[in-house]
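Trainee: This one is input20.cif, mmCIF, C-alpha atoms.
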data_my_file
#
loop_
_atom_site.group_PDB
_atom_site.id
_atom_site.type_symbol
_atom_site.label_atom_id
_atom_site.label_comp_id
_atom_site.auth_asym_id
_atom_site.auth_seq_id
_atom_site.Cartn_x
_atom_site.Cartn_y
_atom_site.Cartn_z
ATOM 1 C CA MET A 231 15.338 1.704 -123.880
ATOM 2 C CA ALA A 232 14.816 5.221 -125.217
ATOM 3 C CA ALA A 233 11.799 6.039 -127.376
ATOM 4 C CA ILE A 234 12.744 5.544 -131.001
ATOM 5 C CA GLY A 235 11.262 7.517 -133.871
ATOM 6 C CA ARG A 236 11.035 6.063 -137.346
ATOM 7 C CA ALA A 237 9.867 7.590 -140.639
ATOM 8 C CA THR A 238 10.652 8.123 -144.278
ATOM 9 C CA VAL A 239 11.694 11.650 -145.224
ATOM 10 C CA ARG A 240 8.235 12.235 -146.689
ATOM 11 C CA ASP A 241 6.574 11.304 -143.396
ATOM 12 C CA ALA A 242 9.077 12.891 -141.001
ATOM 13 C CA ASP A 243 8.249 16.061 -139.129
ATOM 14 C CA PRO A 244 10.343 18.810 -140.776
ATOM 15 C CA THR A 245 11.767 19.909 -137.427
ATOM 16 C CA VAL A 246 12.916 16.368 -136.627
ATOM 17 C CA LEU A 247 14.417 16.007 -140.102
ATOM 18 C CA TYR A 248 16.317 19.269 -139.629
ATOM 19 C CA ARG A 249 17.668 18.028 -136.271
ATOM 20 C CA ILE A 250 18.721 14.694 -137.792
ATOM 21 C CA LEU A 251 20.627 16.418 -140.587
ATOM 22 C CA ARG A 252 22.180 18.879 -138.131
ATOM 23 C CA LEU A 253 23.418 16.003 -135.942
ATOM 24 C CA ARG A 254 24.858 14.117 -138.920
ATOM 25 C CA THR A 255 26.643 17.266 -140.093
ATOM 26 C CA GLN A 256 28.038 17.835 -136.601
ATOM 27 C CA VAL A 257 29.381 14.289 -136.302
ATOM 28 C CA PHE A 258 30.560 13.535 -139.832
ATOM 29 C CA VAL A 259 31.604 16.944 -141.148
ATOM 30 C CA HIS A 260 32.702 18.860 -138.052
ATOM 31 C CA GLU A 261 34.005 16.082 -135.776
ATOM 32 C CA GLN A 262 35.280 13.543 -138.278
ATOM 33 C CA ARG A 263 36.211 16.085 -140.947
ATOM 34 C CA ILE A 264 34.582 14.094 -143.750
ATOM 35 C CA VAL A 265 34.413 16.740 -146.428
ATOM 36 C CA ASP A 266 35.217 14.756 -149.563
ATOM 37 C CA ASP A 267 31.947 12.790 -149.462
ATOM 38 C CA GLU A 268 28.585 14.426 -149.735
ATOM 39 C CA GLU A 269 26.722 13.999 -146.442
ATOM 40 C CA ILE A 270 23.401 14.970 -147.987
ATOM 41 C CA ASP A 271 23.641 12.472 -150.840
ATOM 42 C CA GLY A 272 20.010 12.107 -151.907
ATOM 43 C CA ARG A 273 19.646 8.575 -150.496
ATOM 44 C CA ASP A 274 17.447 9.849 -147.654
ATOM 45 C CA LEU A 275 14.800 10.820 -150.229
ATOM 46 C CA GLU A 276 14.373 7.286 -151.570
ATOM 47 C CA GLU A 277 11.037 5.664 -150.740
ATOM 48 C CA THR A 278 12.866 2.588 -149.435
ATOM 49 C CA THR A 279 14.954 4.590 -146.935
ATOM 50 C CA THR A 280 13.832 4.805 -143.318
ATOM 51 C CA LEU A 281 15.303 7.240 -140.798
ATOM 52 C CA PHE A 282 15.548 6.235 -137.131
ATOM 53 C CA TRP A 283 16.250 8.615 -134.275
ATOM 54 C CA VAL A 284 16.128 9.191 -130.533
ATOM 55 C CA GLU A 285 15.124 12.610 -129.287
ATOM 56 C CA GLU A 286 14.934 14.046 -125.810
ATOM 57 C CA ASN A 287 13.746 17.240 -124.181
ATOM 58 C CA GLY A 288 16.607 19.299 -122.840
ATOM 59 C CA ALA A 289 16.728 21.249 -119.592
ATOM 60 C CA ASP A 290 15.871 24.405 -121.539
ATOM 61 C CA GLY A 291 12.700 22.798 -122.930
ATOM 62 C CA THR A 292 13.985 22.304 -126.468
ATOM 63 C CA THR A 293 13.909 18.897 -128.117
ATOM 64 C CA GLU A 294 17.144 17.530 -129.546
ATOM 65 C CA VAL A 295 17.897 14.481 -131.678
ATOM 66 C CA LEU A 296 20.566 12.616 -129.708
ATOM 67 C CA ALA A 297 21.205 9.702 -132.082
ATOM 68 C CA THR A 298 20.216 8.721 -135.595
ATOM 69 C CA LEU A 299 20.787 6.259 -138.418
ATOM 70 C CA ARG A 300 19.278 5.417 -141.760
ATOM 71 C CA LEU A 301 18.224 2.079 -143.197
ATOM 72 C CA LEU A 302 18.461 1.650 -146.973
ATOM 73 C CA GLN A 303 16.217 -1.105 -148.305
ATOM 74 C CA ASP A 304 16.515 -0.571 -152.048
ATOM 75 C CA ASP A 305 18.491 -3.794 -152.459
ATOM 76 C CA LEU A 306 19.388 -6.937 -150.530
ATOM 77 C CA PRO A 307 20.937 -7.039 -148.107
ATOM 78 C CA ALA A 308 19.505 -3.896 -146.549
ATOM 79 C CA HIS A 309 22.141 -1.396 -145.408
ATOM 80 C CA VAL A 310 22.507 0.584 -142.172
ATOM 81 C CA GLY A 311 24.439 3.822 -142.419
ATOM 82 C CA ARG A 312 24.902 7.337 -141.123
ATOM 83 C CA VAL A 313 24.942 6.097 -137.518
ATOM 84 C CA ALA A 314 25.603 9.179 -135.382
ATOM 85 C CA THR A 315 25.308 10.059 -131.705
ATOM 86 C CA ALA A 316 25.669 13.528 -130.190
ATOM 87 C CA GLN A 317 28.768 13.894 -128.022
ATOM 88 C CA GLN A 318 26.766 14.572 -124.866
ATOM 89 C CA ALA A 319 24.717 11.382 -125.349
ATOM 90 C CA ARG A 320 27.494 8.883 -126.063
ATOM 91 C CA GLY A 321 27.826 5.893 -123.781
ATOM 92 C CA ARG A 322 24.082 5.636 -123.089
ATOM 93 C CA GLY A 323 23.395 2.816 -125.570
ATOM 94 C CA LEU A 324 21.253 4.958 -127.874
ATOM 95 C CA ALA A 325 23.021 3.936 -131.090
ATOM 96 C CA ALA A 326 22.761 0.253 -130.120
ATOM 97 C CA ASP A 327 19.029 0.696 -129.521
ATOM 98 C CA LEU A 328 18.686 2.275 -132.956
ATOM 99 C CA VAL A 329 20.675 -0.477 -134.687
ATOM 100 C CA ARG A 330 18.530 -3.144 -133.024
ATOM 101 C CA ALA A 331 15.350 -1.323 -134.094
ATOM 102 C CA ALA A 332 16.618 -1.069 -137.670
ATOM 103 C CA LEU A 333 17.543 -4.770 -137.735
ATOM 104 C CA GLU A 334 14.070 -5.691 -136.518
ATOM 105 C CA HIS A 335 12.401 -3.357 -139.008
ATOM 106 C CA ALA A 336 14.472 -4.650 -141.946
ATOM 107 C CA GLY A 337 13.421 -8.254 -141.435
ATOM 108 C CA THR A 338 16.329 -9.396 -143.629
ATOM 109 C CA ASP A 339 20.121 -9.534 -143.652
ATOM 110 C CA VAL A 340 21.664 -6.093 -143.100
ATOM 111 C CA ALA A 341 25.082 -4.872 -144.215
ATOM 112 C CA ILE A 342 27.123 -2.011 -142.820
ATOM 113 C CA SER A 343 30.284 -0.230 -143.863
ATOM 114 C CA ALA A 344 31.590 0.125 -140.327
ATOM 115 C CA GLN A 345 34.388 2.388 -139.262
ATOM 116 C CA ALA A 346 37.087 -0.142 -138.393
ATOM 117 C CA TYR A 347 37.506 0.969 -134.790
ATOM 118 C CA LEU A 348 33.832 0.031 -134.223
ATOM 119 C CA GLU A 349 34.141 -3.541 -135.529
ATOM 120 C CA GLY A 350 33.940 -5.032 -132.031
ATOM 121 C CA TRP A 351 30.976 -2.842 -131.119
ATOM 122 C CA TYR A 352 29.028 -3.949 -134.212
ATOM 123 C CA GLY A 353 30.172 -7.511 -133.535
ATOM 124 C CA ARG A 354 28.401 -7.399 -130.182
ATOM 125 C CA LEU A 355 25.220 -6.505 -132.072
ATOM 126 C CA GLY A 356 25.556 -9.602 -134.279
ATOM 127 C CA PHE A 357 27.460 -8.260 -137.282
ATOM 128 C CA VAL A 358 30.378 -10.258 -138.716
ATOM 129 C CA ARG A 359 33.214 -9.101 -140.932
ATOM 130 C CA THR A 360 32.766 -10.040 -144.595
ATOM 131 C CA GLY A 361 35.923 -8.671 -146.209
ATOM 132 C CA GLU A 362 39.133 -6.711 -145.961
ATOM 133 C CA ASN A 363 39.516 -3.215 -144.576
ATOM 134 C CA TYR A 364 39.243 -0.327 -147.031
ATOM 135 C CA LEU A 365 39.370 3.447 -146.977
ATOM 136 C CA GLU A 366 36.158 5.422 -147.334
ATOM 137 C CA ALA A 367 36.272 9.199 -146.982
ATOM 138 C CA GLY A 368 39.825 8.799 -145.688
ATOM 139 C CA ILE A 369 38.693 6.614 -142.749
ATOM 140 C CA ASP A 370 39.486 2.921 -142.265
ATOM 141 C CA HIS A 371 36.308 0.849 -142.748
ATOM 142 C CA VAL A 372 35.361 -2.819 -142.684
ATOM 143 C CA PRO A 373 32.425 -4.489 -144.435
ATOM 144 C CA MET A 374 30.134 -6.335 -142.038
ATOM 145 C CA LEU A 375 26.879 -8.264 -142.257
ATOM 146 C CA PHE A 376 24.101 -9.149 -139.836
ATOM 147 C CA ARG A 377 22.532 -12.413 -140.950
ATOM 148 C CA ARG A 378 18.869 -12.751 -140.089
ATOM 149 C CA PRO A 379 18.357 -15.904 -137.983
#
What does the file become when written as structure tokens?

Mentor:
Amino acid sequence: MAAIGRATVRDADPTVLYRILRLRTQVFVHEQRIVDDEEIDGRDLEETTTLFWVEENGADGTTEVLATLRLLQDDLPAHVGRVATAQQARGRGLAADLVRAALEHAGTDVAISAQAYLEGWYGRLGFVRTGENYLEAGIDHVPMLFRRP
């Protein structure tokens, strides 16, 4: 398993925070063309929000965030969102490692608004569908829940 970083925005290294936001912008705005929802929505600043990430040193010596997510714990169930993996790092299990770390950290049931094509992937991590599909930011989503054993 890759080394996982975890911090609130207040405790995060500014360089890491910049790399997290850059990755999320790359995935959600540039790749998925989500422009009608605000990516930087203020939720990251909440004291009950924890950012998770995996970073790695590149061949050129620079450090890059390869995968990230955020865990919102302002209400129950907690909520995982903004799950993003850099194109060059996909297929390595980094996002799954992050989801597992967030589930462990939450210590409670965790909901997710999953993109519908990832329902099976989240299912393998223990999430179950809790409702009908819906559109969010023009993308088909499904509500899912991980119930704490």

Trainee: Quick one: residues within 12 Å of Gly288 (chain A), all atoms listed in the file, excluding same-chain residues fewer than 5 positions away - as a list in words?

Mentor: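 Here the answer would be Thr293, Glu294, Val295, Leu296, Gln318 and Ala319 of chain A.
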
Trainee: Could you dump the residues just selected with C-alpha atoms as a PDB file, in the frame of the given file?

Mentor:
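Now in selection.pdb:
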ATOM      1  CA  THR A 293      13.909  18.897-128.117  1.00  0.00           C
ATOM      2  CA  GLU A 294      17.144  17.530-129.546  1.00  0.00           C
ATOM      3  CA  VAL A 295      17.897  14.481-131.678  1.00  0.00           C
ATOM      4  CA  LEU A 296      20.566  12.616-129.708  1.00  0.00           C
ATOM      5  CA  GLN A 318      26.766  14.572-124.866  1.00  0.00           C
ATOM      6  CA  ALA A 319      24.717  11.382-125.349  1.00  0.00           C
TER       7      ALA A 319
END

Trainee: By how many Å are CA of Asp304 (chain A) and CA of Glu261 (chain A) apart?

Mentor: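 CA of Asp304 (chain A) sits 29.1 Å away from CA of Glu261 (chain A).
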
Trainee: I'd like the residues picked by the PyMOL selection byres ((chain A and resi 237-245) around 7) written out as a PyMOL selection string, using the chain letters and numbers from the file.

Mentor: chain A and resi 235-236+246-249+274-275+277+279-282

Trainee: Applying 10 Å and all atoms listed in the file, which residues near Thr360 (chain A) remain after dropping the ones on its own chain fewer than 2 positions away? List them as a short mmCIF file (atom, residue, chain, number, x, y, z; two decimals) with C-alpha atoms, in the frame of the given file.

Mentor:
data_model
loop_
_atom_site.label_atom_id
_atom_site.label_comp_id
_atom_site.auth_asym_id
_atom_site.auth_seq_id
_atom_site.Cartn_x
_atom_site.Cartn_y
_atom_site.Cartn_z
CA ALA A 341 25.08 -4.87 -144.22
CA ILE A 342 27.12 -2.01 -142.82
CA PHE A 357 27.46 -8.26 -137.28
CA VAL A 358 30.38 -10.26 -138.72
CA GLU A 362 39.13 -6.71 -145.96
CA ASN A 363 39.52 -3.22 -144.58
CA VAL A 372 35.36 -2.82 -142.68
CA PRO A 373 32.42 -4.49 -144.44
CA MET A 374 30.13 -6.34 -142.04
CA LEU A 375 26.88 -8.26 -142.26
CA PHE A 376 24.10 -9.15 -139.84
#

Trainee: Determine the residue set returned by the PyMOL selection byres ((chain A and resi 298) around 7) for the present structure, and present it as a PyMOL selection string.

Mentor: chain A and resi 250+282-284+297+299+313-315

Trainee: Measure the distance from CA of Gly356 (chain A) to CA of Ala233 (chain A) in Å and round it to one decimal.

Mentor: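 So the two atoms, CA of Gly356 (chain A) and CA of Ala233 (chain A), lie 21.9 Å apart.
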
Trainee: Which one is closest to Thr255 (chain A): A:Arg300, A:Arg312, A:Arg320, A:Arg273? Count only C-alpha atoms.

Mentor: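 Answer, going by the shortest atom-to-atom distance: A:Arg312.
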
Trainee: List the residues sitting within 12 Å of (32.1, 16.0, -142.3) in the file's frame, using all atoms listed in the file, as a PyMOL selection string.

Mentor: chain A and resi 251-270+312+314+367-369

Trainee: Quick one: what's the axis-aligned box for region 236-251 of chain A, all listed atoms, 5 Å on every side, centre and edges in Å to one decimal, as lines of an AutoDock Vina configuration file?

Mentor:
center_x = 13.6
center_y = 13.0
center_z = -141.5
size_x = 24.1
size_y = 23.8
size_z = 20.4

Trainee: Can you work out which one of A:Gly353, A:Gly311, A:Pro379, A:Gly361 has the shortest atom-to-atom distance to Thr338 (chain A), counting all atoms listed in the file?

Mentor: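 With all atoms listed in the file as the atom set, the closest residue is A:Pro379.
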
Trainee: Just the number, please: distance in Å from CA of Gln303 (chain A) to CA of Ala332 (chain A), one decimal.

Mentor: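 We find that CA of Gln303 (chain A) and CA of Ala332 (chain A) lie 10.6 Å from each other.
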